[in-house]
file upload20.cif (mmCIF, C-alpha atoms)
data_query
loop_
_atom_site.label_atom_id
_atom_site.label_comp_id
_atom_site.auth_asym_id
_atom_site.auth_seq_id
_atom_site.Cartn_x
_atom_site.Cartn_y
_atom_site.Cartn_z
CA MET A 115 7.12 20.99 -21.32
CA LYS A 116 4.44 21.45 -18.67
CA LEU A 117 3.91 17.66 -18.46
CA LYS A 118 7.63 17.02 -17.89
CA LEU A 119 7.77 19.80 -15.30
CA SER A 120 4.69 18.39 -13.55
CA TRP A 121 6.23 14.92 -13.34
CA PHE A 122 9.47 16.45 -12.11
CA VAL A 123 7.60 18.19 -9.29
CA VAL A 124 5.67 15.02 -8.43
CA CYS A 125 8.75 12.79 -8.48
CA LEU A 126 11.23 15.19 -6.85
CA PRO A 127 10.33 14.12 -3.28
CA LEU A 128 11.02 10.51 -4.26
CA ALA A 129 14.61 11.39 -5.14
CA GLY A 130 15.31 13.35 -1.97
CA CYS A 131 17.10 10.69 0.06
CA MET A 132 19.44 7.75 -0.31
CA ALA A 133 18.15 4.27 0.45
CA PRO A 134 19.69 0.83 0.21
CA VAL A 135 18.87 -1.10 -2.93
CA GLY A 136 16.92 -4.27 -2.33
CA ALA A 137 15.58 -5.62 0.92
CA ALA A 138 16.82 -8.48 3.01
CA GLY A 139 14.59 -11.53 2.84
CA ARG A 140 12.61 -10.37 -0.17
CA SER A 141 12.85 -11.70 -3.67
CA ILE A 142 11.22 -11.06 -7.00
CA PRO A 143 9.08 -13.96 -8.22
CA SER A 144 10.79 -15.80 -11.08
CA ASP A 145 7.67 -15.47 -13.24
CA ALA A 146 7.31 -11.70 -12.74
CA GLY A 147 8.45 -10.90 -16.28
CA GLN A 148 6.01 -13.25 -17.97
CA THR A 149 3.22 -12.21 -15.61
CA CYS A 150 3.76 -8.57 -16.58
CA VAL A 151 3.88 -9.44 -20.29
CA ASP A 152 0.55 -11.25 -19.89
CA GLU A 153 -1.06 -8.46 -17.87
CA CYS A 154 -0.04 -5.82 -20.40
CA ALA A 155 -1.29 -8.02 -23.27
CA ASP A 156 -4.63 -8.47 -21.49
CA VAL A 157 -5.24 -4.74 -21.80
CA GLY A 158 -3.89 -4.49 -25.36
CA MET A 159 -0.53 -3.03 -24.44
CA GLN A 160 3.12 -4.02 -24.46
CA LEU A 161 5.44 -4.35 -21.51
CA THR A 162 7.99 -1.53 -21.32
CA GLY A 163 9.33 -2.08 -17.83
CA ILE A 164 9.11 -3.83 -14.51
CA VAL A 165 9.44 -1.81 -11.35
CA THR A 166 10.06 -3.17 -7.87
CA MET A 167 9.45 -0.89 -4.96
CA ALA A 168 8.25 -1.31 -1.39
CA GLY A 169 8.17 -5.08 -1.74
CA THR A 170 5.86 -4.88 -4.73
CA VAL A 171 6.45 -5.75 -8.37
CA GLY A 172 4.80 -3.34 -10.80
CA CYS A 173 4.31 -3.68 -14.55
CA VAL A 174 4.77 -0.67 -16.82
CA CYS A 175 2.71 -1.01 -19.99
CA GLN A 176 2.49 1.15 -23.10
CA PRO A 177 0.21 1.05 -26.17
CA ARG A 178 1.42 -1.42 -28.81
CA GLY A 179 3.37 0.20 -31.62
CA ALA A 180 3.98 3.42 -29.71
CA ALA A 181 7.53 4.68 -29.50
CA LEU A 182 9.07 3.74 -26.19
CA GLY A 183 8.76 6.61 -23.79
CA ASP A 184 11.38 8.30 -21.71
CA LYS A 185 12.78 5.57 -19.43
CA GLN A 186 12.90 7.92 -16.45
CA TYR A 187 9.27 8.87 -16.97
CA THR A 188 8.28 5.21 -17.30
CA ALA A 189 10.13 4.27 -14.11
CA ALA A 190 8.60 7.21 -12.23
CA VAL A 191 5.09 6.16 -13.24
CA GLY A 192 5.70 2.54 -12.28
CA GLY A 193 7.40 3.54 -9.04
CA THR A 194 4.55 5.83 -8.12
CA ALA A 195 2.06 3.01 -8.71
CA ALA A 196 4.09 0.73 -6.44
CA LEU A 197 4.19 3.42 -3.74
CA ILE A 198 0.44 3.87 -3.95
CA GLN A 199 -0.10 0.12 -3.58
CA GLU A 200 2.18 0.02 -0.54
CA GLN A 201 0.40 3.01 1.01
CA GLU A 202 -2.96 1.30 0.50
CA ARG A 203 -1.62 -1.87 2.14
CA GLN A 204 -0.35 0.12 5.11
CA ASP A 205 -3.69 1.94 5.38
CA ARG A 206 -5.53 -1.40 5.47
CA GLU A 207 -3.19 -2.68 8.20
CA ARG A 208 -3.68 0.54 10.20
CA GLN A 209 -7.44 0.22 9.86
CA LYS A 210 -7.36 -3.40 11.05
CA GLU A 211 -5.24 -2.39 14.05
CA GLN A 212 -7.66 0.42 14.91
CA GLN A 213 -10.58 -1.98 14.72
CA ARG A 214 -8.74 -4.45 16.95
CA GLN A 215 -8.04 -1.71 19.50
CA GLN A 216 -11.66 -0.54 19.42
CA GLU A 217 -12.83 -4.09 20.03
CA GLN A 218 -10.44 -4.41 22.98
CA GLN A 219 -11.75 -1.16 24.44
CA ARG A 220 -15.32 -2.32 23.98
CA GLN A 221 -14.54 -5.59 25.75
CA GLN A 222 -12.82 -3.75 28.60
CA GLN A 223 -15.79 -1.41 28.99
CA GLU A 224 -18.16 -4.37 29.01
CA GLN A 225 -16.06 -6.09 31.66
CA GLN A 226 -16.03 -2.94 33.82
CA ARG A 227 -19.80 -2.60 33.43
CA ARG A 228 -20.29 -6.19 34.57
CA GLN A 229 -18.03 -5.68 37.57
CA GLN A 230 -19.97 -2.56 38.55
CA GLN A 231 -23.25 -4.47 38.27
CA TYR A 232 -21.87 -7.31 40.38
CA HIS A 233 -20.71 -4.91 43.09
CA SER A 234 -23.99 -2.98 43.05
CA TYR A 235 -25.95 -6.20 43.71
CA ARG A 236 -23.80 -7.17 46.69
#

call {"tool": "encode", "arguments": {"input": "upload20.cif", "output": "C-alpha coordinates"}}
result
Amino acid sequence: MKLKLSWFVVCLPLAGCMAPVGAAGRSIPSDAGQTCVDECADVGMQLTGIVTMAGTVGCVCQPRGAALGDKQYTAAVGGTAALIQEQERQDRERQKEQQRQQEQQRQQQEQQRRQQQYHSYR
(Lines of atoms letter the chains of each structure in order from A and count residues from 1; the text may use other names and numbers.)
(Lines give C-alpha, C1' and ligand atoms only; values in the text may rest on other atoms or scores of the structure.)
Protein backbone atom coordinates (compact mmCIF):
# COMPACT_ATOMS: atom_id res chain seq x y z
CA MET A 1 0.00 0.00 0.00
CA LYS A 2 2.83 2.39 0.88
CA LEU A 3 4.49 1.76 -2.51
CA LYS A 4 1.30 2.58 -4.42
CA LEU A 5 0.76 5.68 -2.29
CA SER A 6 4.37 6.77 -2.87
CA TRP A 7 4.00 6.43 -6.64
CA PHE A 8 0.70 8.28 -6.47
CA VAL A 9 2.39 11.19 -4.69
CA VAL A 10 5.30 11.16 -7.15
CA CYS A 11 3.08 10.99 -10.23
CA LEU A 12 0.30 13.33 -9.07
CA PRO A 13 2.06 16.49 -10.34
CA LEU A 14 2.33 14.87 -13.77
CA ALA A 15 -1.45 14.58 -13.98
CA GLY A 16 -2.17 18.15 -12.89
CA CYS A 17 -2.71 19.76 -16.28
CA MET A 18 -4.08 19.05 -19.73
CA ALA A 19 -1.70 18.94 -22.67
CA PRO A 20 -2.14 18.17 -26.33
CA VAL A 21 -1.31 14.63 -27.36
CA GLY A 22 1.58 14.36 -29.78
CA ALA A 23 3.78 17.10 -31.11
CA ALA A 24 3.83 18.68 -34.51
CA GLY A 25 6.81 17.65 -36.60
CA ARG A 26 7.82 14.75 -34.39
CA SER A 27 7.41 11.10 -35.15
CA ILE A 28 8.20 7.81 -33.48
CA PRO A 29 10.87 5.80 -35.29
CA SER A 30 9.35 2.83 -37.11
CA ASP A 31 11.82 0.46 -35.43
CA ALA A 32 11.10 1.69 -31.88
CA GLY A 33 9.21 -1.48 -30.95
CA GLN A 34 11.93 -3.86 -32.06
CA THR A 35 14.62 -1.65 -30.56
CA CYS A 36 12.86 -1.79 -27.19
CA VAL A 37 12.38 -5.57 -27.44
CA ASP A 38 16.12 -5.91 -28.11
CA GLU A 39 17.13 -3.54 -25.30
CA CYS A 40 14.96 -5.35 -22.77
CA ALA A 41 16.32 -8.72 -23.96
CA ASP A 42 19.89 -7.44 -23.57
CA VAL A 43 19.28 -7.04 -19.84
CA GLY A 44 17.35 -10.32 -19.48
CA MET A 45 13.91 -8.77 -19.37
CA GLN A 46 10.78 -8.60 -21.48
CA LEU A 47 9.18 -5.55 -23.02
CA THR A 48 5.98 -4.51 -21.26
CA GLY A 49 5.46 -1.09 -22.77
CA ILE A 50 6.75 1.76 -24.85
CA VAL A 51 6.36 5.29 -23.59
CA THR A 52 6.76 8.46 -25.62
CA MET A 53 7.14 11.70 -23.76
CA ALA A 54 8.97 14.95 -24.33
CA GLY A 55 10.13 13.83 -27.76
CA THR A 56 11.75 10.72 -26.34
CA VAL A 57 10.85 7.06 -26.76
CA GLY A 58 11.27 5.01 -23.59
CA CYS A 59 11.21 1.25 -23.14
CA VAL A 60 9.49 -0.30 -20.13
CA CYS A 61 11.00 -3.68 -19.25
CA GLN A 62 10.04 -6.29 -16.67
CA PRO A 63 11.69 -9.53 -15.54
CA ARG A 64 10.87 -12.48 -17.81
CA GLY A 65 8.08 -14.67 -16.49
CA ALA A 66 6.85 -12.09 -14.00
CA ALA A 67 3.17 -11.25 -14.02
CA LEU A 68 2.56 -8.06 -15.93
CA GLY A 69 2.39 -5.17 -13.53
CA ASP A 70 -0.24 -2.52 -13.15
CA LYS A 71 -0.35 -0.71 -16.51
CA GLN A 72 -0.68 2.68 -14.85
CA TYR A 73 2.37 1.98 -12.69
CA THR A 74 4.34 0.81 -15.72
CA ALA A 75 3.42 3.92 -17.72
CA ALA A 76 4.28 6.18 -14.78
CA VAL A 77 7.73 4.61 -14.44
CA GLY A 78 8.41 4.87 -18.17
CA GLY A 79 7.04 8.41 -18.31
CA THR A 80 9.18 9.47 -15.39
CA ALA A 81 12.27 8.06 -17.11
CA ALA A 82 11.43 10.01 -20.26
CA LEU A 83 10.98 13.20 -18.22
CA ILE A 84 14.33 12.69 -16.54
CA GLN A 85 16.02 12.22 -19.92
CA GLU A 86 14.41 15.40 -21.24
CA GLN A 87 15.44 17.33 -18.13
CA GLU A 88 19.03 16.13 -18.54
CA ARG A 89 19.00 17.22 -22.19
CA GLN A 90 17.70 20.65 -21.22
CA ASP A 91 20.33 20.93 -18.48
CA ARG A 92 23.08 20.14 -21.00
CA GLU A 93 21.73 22.78 -23.39
CA ARG A 94 21.55 25.34 -20.56
CA GLN A 95 25.12 24.54 -19.57
CA LYS A 96 26.33 24.97 -23.16
CA GLU A 97 24.54 28.32 -23.39
CA GLN A 98 26.10 29.48 -20.12
CA GLN A 99 29.54 28.48 -21.37
CA ARG A 100 28.92 30.34 -24.63
CA GLN A 101 27.87 33.46 -22.71
CA GLN A 102 30.89 33.23 -20.43
CA GLU A 103 33.17 32.98 -23.45
CA GLN A 104 31.51 36.03 -25.00
CA GLN A 105 32.00 37.98 -21.78
CA ARG A 106 35.63 36.91 -21.62
CA GLN A 107 36.18 38.06 -25.20
CA GLN A 108 34.48 41.39 -24.50
CA GLN A 109 36.63 41.93 -21.42
CA GLU A 110 39.75 41.09 -23.40
CA GLN A 111 38.74 43.54 -26.12
CA GLN A 112 38.12 46.29 -23.54
CA ARG A 113 41.49 45.58 -21.93
CA ARG A 114 43.23 45.90 -25.29
CA GLN A 115 41.44 49.16 -26.03
CA GLN A 116 42.49 50.55 -22.66
CA GLN A 117 46.10 49.54 -23.32
CA TYR A 118 46.01 51.15 -26.74
CA HIS A 119 44.65 54.41 -25.32
CA SER A 120 47.14 54.42 -22.45
CA TYR A 121 50.06 54.19 -24.91
CA ARG A 122 48.83 57.12 -27.00

call {"tool": "atom_distance", "arguments": {"input": "upload20.cif", "atom1": "CA of Glu153 in chain A", "atom2": "CA of Thr166 in chain A"}}
result
15.9 Å

call {"tool": "residues_around", "arguments": {"input": "upload20.cif", "residues": "Thr149 in chain A", "least_positions_apart": "6", "cutoff": "10 Å", "atoms": "only C-alpha atoms", "output": "JSON, numbers by chain"}}
result
{"A": [143, 155, 173]}

call {"tool": "write_last_selection", "arguments": {"input": "upload20.cif", "atoms": "C-alpha atoms", "output": "short mmCIF file (atom, residue, chain, number, x, y, z; two decimals), keeping the file's coordinate frame"}}
result
data_model
loop_
_atom_site.label_atom_id
_atom_site.label_comp_id
_atom_site.auth_asym_id
_atom_site.auth_seq_id
_atom_site.Cartn_x
_atom_site.Cartn_y
_atom_site.Cartn_z
CA PRO A 143 9.08 -13.96 -8.22
CA ALA A 155 -1.29 -8.02 -23.27
CA CYS A 173 4.31 -3.68 -14.55
#

call {"tool": "atom_distance", "arguments": {"input": "upload20.cif", "atom1": "CA of Leu161 in chain A", "atom2": "CA of Cys175 in chain A"}}
result
4.6 Å

call {"tool": "atom_distance", "arguments": {"input": "upload20.cif", "atom1": "CA of Ala146 in chain A", "atom2": "CA of Val174 in chain A"}}
result
12.0 Å

call {"tool": "resolve_selection", "arguments": {"input": "upload20.cif", "expression": "the PyMOL selection byres ((chain A and resi 142) around 9)", "output": "PyMOL selection string"}}
result
chain A and resi 140-141+143-146+166+169-171
